[in-house]
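Below is the file data.pdb, which contains PDB, C-alpha atoms, pLDDT in the B column.
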```pdb
ATOM      1  CA  MET J1112      13.594  -5.016 -19.823  1.00 93.00           C
ATOM      2  CA  GLY J1113      13.562  -1.893 -17.655  1.00 95.00           C
ATOM      3  CA  VAL J1114      16.405  -2.935 -15.334  1.00 97.00           C
ATOM      4  CA  LYS J1115      17.736  -0.321 -12.905  1.00 98.00           C
ATOM      5  CA  ILE J1116      20.906  -0.778 -10.850  1.00 98.00           C
ATOM      6  CA  LEU J1117      20.391   0.442  -7.266  1.00 98.00           C
ATOM      7  CA  GLU J1118      23.662  -0.620  -5.655  1.00 98.00           C
ATOM      8  CA  GLN J1119      26.954  -2.017  -6.905  1.00 98.00           C
ATOM      9  CA  SER J1120      30.040  -3.154  -5.034  1.00 98.00           C
ATOM     10  CA  VAL J1121      32.193  -6.249  -4.680  1.00 97.00           C
ATOM     11  CA  GLU J1122      29.977  -7.282  -1.740  1.00 97.00           C
ATOM     12  CA  ARG J1123      26.663  -7.067  -3.621  1.00 98.00           C
ATOM     13  CA  VAL J1124      24.835  -5.789  -6.659  1.00 98.00           C
ATOM     14  CA  VAL J1125      21.146  -4.881  -6.366  1.00 98.00           C
ATOM     15  CA  ALA J1126      18.825  -4.121  -9.277  1.00 98.00           C
ATOM     16  CA  THR J1127      15.100  -3.877  -9.953  1.00 98.00           C
ATOM     17  CA  MET J1128      12.998  -4.800 -12.967  1.00 98.00           C
ATOM     18  CA  PRO J1129       9.279  -4.302 -13.636  1.00 98.00           C
ATOM     19  CA  VAL J1130       7.097  -7.339 -14.206  1.00 98.00           C
ATOM     20  CA  GLU J1131       5.174  -5.302 -16.813  1.00 96.00           C
ATOM     21  CA  GLY J1132       6.798  -5.913 -20.185  1.00 96.00           C
ATOM     22  CA  ASN J1133       8.501  -9.088 -18.953  1.00 96.00           C
ATOM     23  CA  ARG J1134       5.521 -11.468 -18.861  1.00 96.00           C
ATOM     24  CA  GLN J1135       4.861 -14.678 -20.752  1.00 96.00           C
ATOM     25  CA  SER J1136       1.575 -15.466 -22.507  1.00 95.00           C
ATOM     26  CA  PHE J1137      -0.235 -16.499 -19.288  1.00 95.00           C
ATOM     27  CA  GLY J1138       0.477 -13.123 -17.678  1.00 96.00           C
ATOM     28  CA  LEU J1139       3.218 -14.372 -15.349  1.00 97.00           C
ATOM     29  CA  LEU J1140       6.752 -13.061 -15.059  1.00 97.00           C
ATOM     30  CA  HIS J1141       8.641 -14.902 -17.800  1.00 97.00           C
ATOM     31  CA  GLY J1142      11.139 -17.455 -16.462  1.00 96.00           C
ATOM     32  CA  GLY J1143      13.520 -16.507 -19.262  1.00 96.00           C
ATOM     33  CA  ALA J1144      13.385 -12.874 -18.158  1.00 97.00           C
ATOM     34  CA  SER J1145      14.260 -13.973 -14.622  1.00 98.00           C
ATOM     35  CA  LEU J1146      17.216 -15.977 -15.930  1.00 97.00           C
ATOM     36  CA  ALA J1147      18.401 -13.168 -18.198  1.00 97.00           C
ATOM     37  CA  VAL J1148      18.289 -10.487 -15.508  1.00 98.00           C
ATOM     38  CA  GLY J1149      19.741 -12.835 -12.879  1.00 98.00           C
ATOM     39  CA  GLU J1150      22.654 -13.766 -15.121  1.00 97.00           C
ATOM     40  CA  ALA J1151      23.242 -10.120 -16.035  1.00 97.00           C
ATOM     41  CA  VAL J1152      23.320  -8.952 -12.401  1.00 98.00           C
ATOM     42  CA  GLY J1153      25.471 -11.917 -11.298  1.00 98.00           C
ATOM     43  CA  SER J1154      27.905 -11.317 -14.147  1.00 98.00           C
ATOM     44  CA  TRP J1155      28.055  -7.603 -13.324  1.00 97.00           C
ATOM     45  CA  ALA J1156      29.014  -8.520  -9.763  1.00 98.00           C
ATOM     46  CA  ALA J1157      31.778 -10.762 -11.134  1.00 98.00           C
ATOM     47  CA  VAL J1158      33.033  -7.972 -13.425  1.00 98.00           C
ATOM     48  CA  ILE J1159      33.298  -5.616 -10.451  1.00 98.00           C
ATOM     49  CA  HIS J1160      35.481  -8.142  -8.589  1.00 98.00           C
ATOM     50  CA  ALA J1161      37.492  -8.940 -11.730  1.00 98.00           C
ATOM     51  CA  SER J1162      38.229  -5.251 -12.275  1.00 97.00           C
ATOM     52  CA  THR J1163      40.010  -5.106  -8.912  1.00 97.00           C
ATOM     53  CA  LEU J1164      42.443  -7.673 -10.379  1.00 97.00           C
ATOM     54  CA  GLY J1165      42.793  -5.967 -13.757  1.00 97.00           C
ATOM     55  CA  LYS J1166      40.680  -8.688 -15.370  1.00 98.00           C
ATOM     56  CA  THR J1167      37.232  -9.166 -16.866  1.00 97.00           C
ATOM     57  CA  ALA J1168      34.651 -11.923 -16.350  1.00 98.00           C
ATOM     58  CA  VAL J1169      32.737 -14.267 -18.628  1.00 96.00           C
ATOM     59  CA  GLY J1170      29.955 -16.604 -17.557  1.00 96.00           C
ATOM     60  CA  VAL J1171      30.647 -20.333 -17.700  1.00 97.00           C
ATOM     61  CA  ASP J1172      27.712 -21.800 -15.769  1.00 98.00           C
ATOM     62  CA  VAL J1173      24.301 -20.678 -14.557  1.00 97.00           C
ATOM     63  CA  SER J1174      21.470 -22.613 -12.932  1.00 97.00           C
ATOM     64  CA  ALA J1175      18.182 -21.451 -11.516  1.00 98.00           C
ATOM     65  CA  THR J1176      15.229 -22.673  -9.511  1.00 98.00           C
ATOM     66  CA  HIS J1177      11.887 -20.894  -9.909  1.00 97.00           C
ATOM     67  CA  HIS J1178       9.988 -20.959  -6.613  1.00 98.00           C
ATOM     68  CA  ARG J1179       6.974 -18.800  -7.517  1.00 97.00           C
ATOM     69  CA  SER J1180       6.026 -16.163 -10.044  1.00 94.00           C
ATOM     70  CA  ALA J1181       4.627 -12.643 -10.149  1.00 97.00           C
ATOM     71  CA  ARG J1182       1.938 -10.915 -12.199  1.00 97.00           C
ATOM     72  CA  GLU J1183       2.591  -7.287 -11.266  1.00 97.00           C
ATOM     73  CA  GLY J1184       4.888  -4.905  -9.426  1.00 98.00           C
ATOM     74  CA  GLN J1185       8.616  -5.096  -9.650  1.00 98.00           C
ATOM     75  CA  ILE J1186      11.221  -7.641  -8.753  1.00 98.00           C
ATOM     76  CA  THR J1187      14.460  -7.059  -6.887  1.00 98.00           C
ATOM     77  CA  ILE J1188      17.580  -8.897  -7.979  1.00 98.00           C
ATOM     78  CA  THR J1189      20.446  -9.237  -5.478  1.00 98.00           C
ATOM     79  CA  ALA J1190      23.794 -10.865  -6.284  1.00 98.00           C
ATOM     80  CA  THR J1191      26.159 -11.768  -3.441  1.00 98.00           C
ATOM     81  CA  PRO J1192      29.440 -13.658  -3.674  1.00 98.00           C
ATOM     82  CA  ILE J1193      29.800 -17.268  -2.646  1.00 98.00           C
ATOM     83  CA  TYR J1194      33.409 -17.421  -3.825  1.00 98.00           C
ATOM     84  CA  LEU J1195      35.711 -14.668  -5.121  1.00 98.00           C
ATOM     85  CA  GLY J1196      38.899 -16.145  -6.518  1.00 97.00           C
ATOM     86  CA  GLY J1197      41.569 -15.049  -8.923  1.00 97.00           C
ATOM     87  CA  THR J1198      40.343 -17.356 -11.682  1.00 98.00           C
ATOM     88  CA  LEU J1199      36.686 -18.059 -10.849  1.00 98.00           C
ATOM     89  CA  THR J1200      33.836 -16.375  -9.032  1.00 98.00           C
ATOM     90  CA  THR J1201      30.534 -17.853  -7.935  1.00 98.00           C
ATOM     91  CA  HIS J1202      27.553 -15.696  -6.961  1.00 98.00           C
ATOM     92  CA  GLU J1203      24.132 -16.435  -5.557  1.00 98.00           C
ATOM     93  CA  VAL J1204      21.431 -14.304  -7.123  1.00 98.00           C
ATOM     94  CA  LEU J1205      18.093 -13.936  -5.342  1.00 98.00           C
ATOM     95  CA  ILE J1206      15.029 -12.579  -7.096  1.00 98.00           C
ATOM     96  CA  THR J1207      12.244 -11.384  -4.815  1.00 98.00           C
ATOM     97  CA  ASN J1208       8.869  -9.691  -5.274  1.00 98.00           C
ATOM     98  CA  ASP J1209       7.532  -6.496  -3.695  1.00 97.00           C
ATOM     99  CA  ALA J1210       6.590  -8.454  -0.544  1.00 98.00           C
ATOM    100  CA  GLY J1211      10.135  -9.810  -0.201  1.00 97.00           C
ATOM    101  CA  GLN J1212       9.096 -13.344  -1.191  1.00 98.00           C
ATOM    102  CA  ARG J1213      11.695 -15.412  -3.031  1.00 98.00           C
ATOM    103  CA  LEU J1214      10.721 -15.970  -6.652  1.00 98.00           C
ATOM    104  CA  CYS J1215      13.913 -17.454  -8.026  1.00 98.00           C
ATOM    105  CA  THR J1216      17.371 -18.510  -6.863  1.00 98.00           C
ATOM    106  CA  LEU J1217      20.265 -18.538  -9.329  1.00 98.00           C
ATOM    107  CA  ARG J1218      23.866 -19.582  -9.024  1.00 98.00           C
ATOM    108  CA  ILE J1219      26.347 -18.262 -11.568  1.00 98.00           C
ATOM    109  CA  THR J1220      30.027 -19.032 -12.052  1.00 98.00           C
ATOM    110  CA  ASN J1221      32.258 -16.695 -14.049  1.00 98.00           C
ATOM    111  CA  LEU J1222      35.761 -17.221 -15.394  1.00 98.00           C
ATOM    112  CA  LEU J1223      38.131 -14.313 -14.788  1.00 98.00           C
ATOM    113  CA  MET J1224      40.338 -13.488 -17.768  1.00 97.00           C
ATOM    114  CA  LYS J1225      42.940 -10.937 -18.750  1.00 95.00           C
ATOM    115  CA  LYS J1226      41.443  -8.064 -20.697  1.00 87.00           C
ATOM    116  CA  LYS J1227      42.184  -8.183 -24.417  1.00 81.00           C
TER     117      LYS J1227
END
```

Starting from the coordinates I provided, produce the structure as structure tokens.
Amino acid sequence: MGVKILEQSVERVVATMPVEGNRQSFGLLHGGASLAVGEAVGSWAAVIHASTLGKTAVGVDVSATHHRSAREGQITITATPIYLGGTLTTHEVLITNDAGQRLCTLRITNLLMKKK
């Protein structure tokens, strides 16, 4: 998918992904690619928080709204916490295009568990 992590902390995780190679048959950024990368970045943010508690994170819910698409360039994926608990985390994940326009908004909830 060509994902690159630019920044990672408990406060936010930022990544980029090219549209090229992640298009559907009509030449648009594939909605499934947006969901996959959004869930991955949101889960990574949850894992970072979980690690501060000696735990790991697993996704239990994700939802997304596609606002617009892209045909070229790269997208930026930014996950920020809505809630950071000891058992659950919830993150908002924004996907924007090169012009900073919102393409997709995701919300992901992760369960924090003891490492096995």

Tell me which protein, DNA and RNA residues are within 8 Å of Glu1183 in chain J, counting all atoms listed in the file, leaving out same-chain ones fewer than 5 positions away, and put them as JSON, numbers by chain. {"J": [1129, 1130, 1131]}

d(CA of His1177 in chain J, CA of Tyr1194 in chain J) in Å: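 So the two atoms, CA of His1177 in chain J and CA of Tyr1194 in chain J, lie 22.6 Å apart.
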
Spatial neighbours of Lys1166 in chain J, max dist 8 Å, only C-alpha atoms, sep filter under 2 positions, as a short mmCIF file (atom, residue, chain, number, x, y, z; two decimals) with C-alpha atoms, keeping the file's coordinate frame:
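The result, stored in selection_19.cif:
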```cif
data_model
loop_
_atom_site.label_atom_id
_atom_site.label_comp_id
_atom_site.auth_asym_id
_atom_site.auth_seq_id
_atom_site.Cartn_x
_atom_site.Cartn_y
_atom_site.Cartn_z
CA VAL J 1158 33.03 -7.97 -13.42
CA ALA J 1161 37.49 -8.94 -11.73
CA SER J 1162 38.23 -5.25 -12.28
CA THR J 1163 40.01 -5.11 -8.91
CA LEU J 1164 42.44 -7.67 -10.38
CA ALA J 1168 34.65 -11.92 -16.35
CA LEU J 1223 38.13 -14.31 -14.79
CA MET J 1224 40.34 -13.49 -17.77
CA LYS J 1225 42.94 -10.94 -18.75
CA LYS J 1226 41.44 -8.06 -20.70
#
```

Just how far from CA of Leu1195 in chain J is CA of Val1124 in chain J, in Å to one decimal? 14.1 Å

Which of J:Ser1174, J:Thr1167, J:Gln1135, J:Thr1187 sits closest to Gly1113 in chain J [using all atoms listed in the file]: J:Thr1187
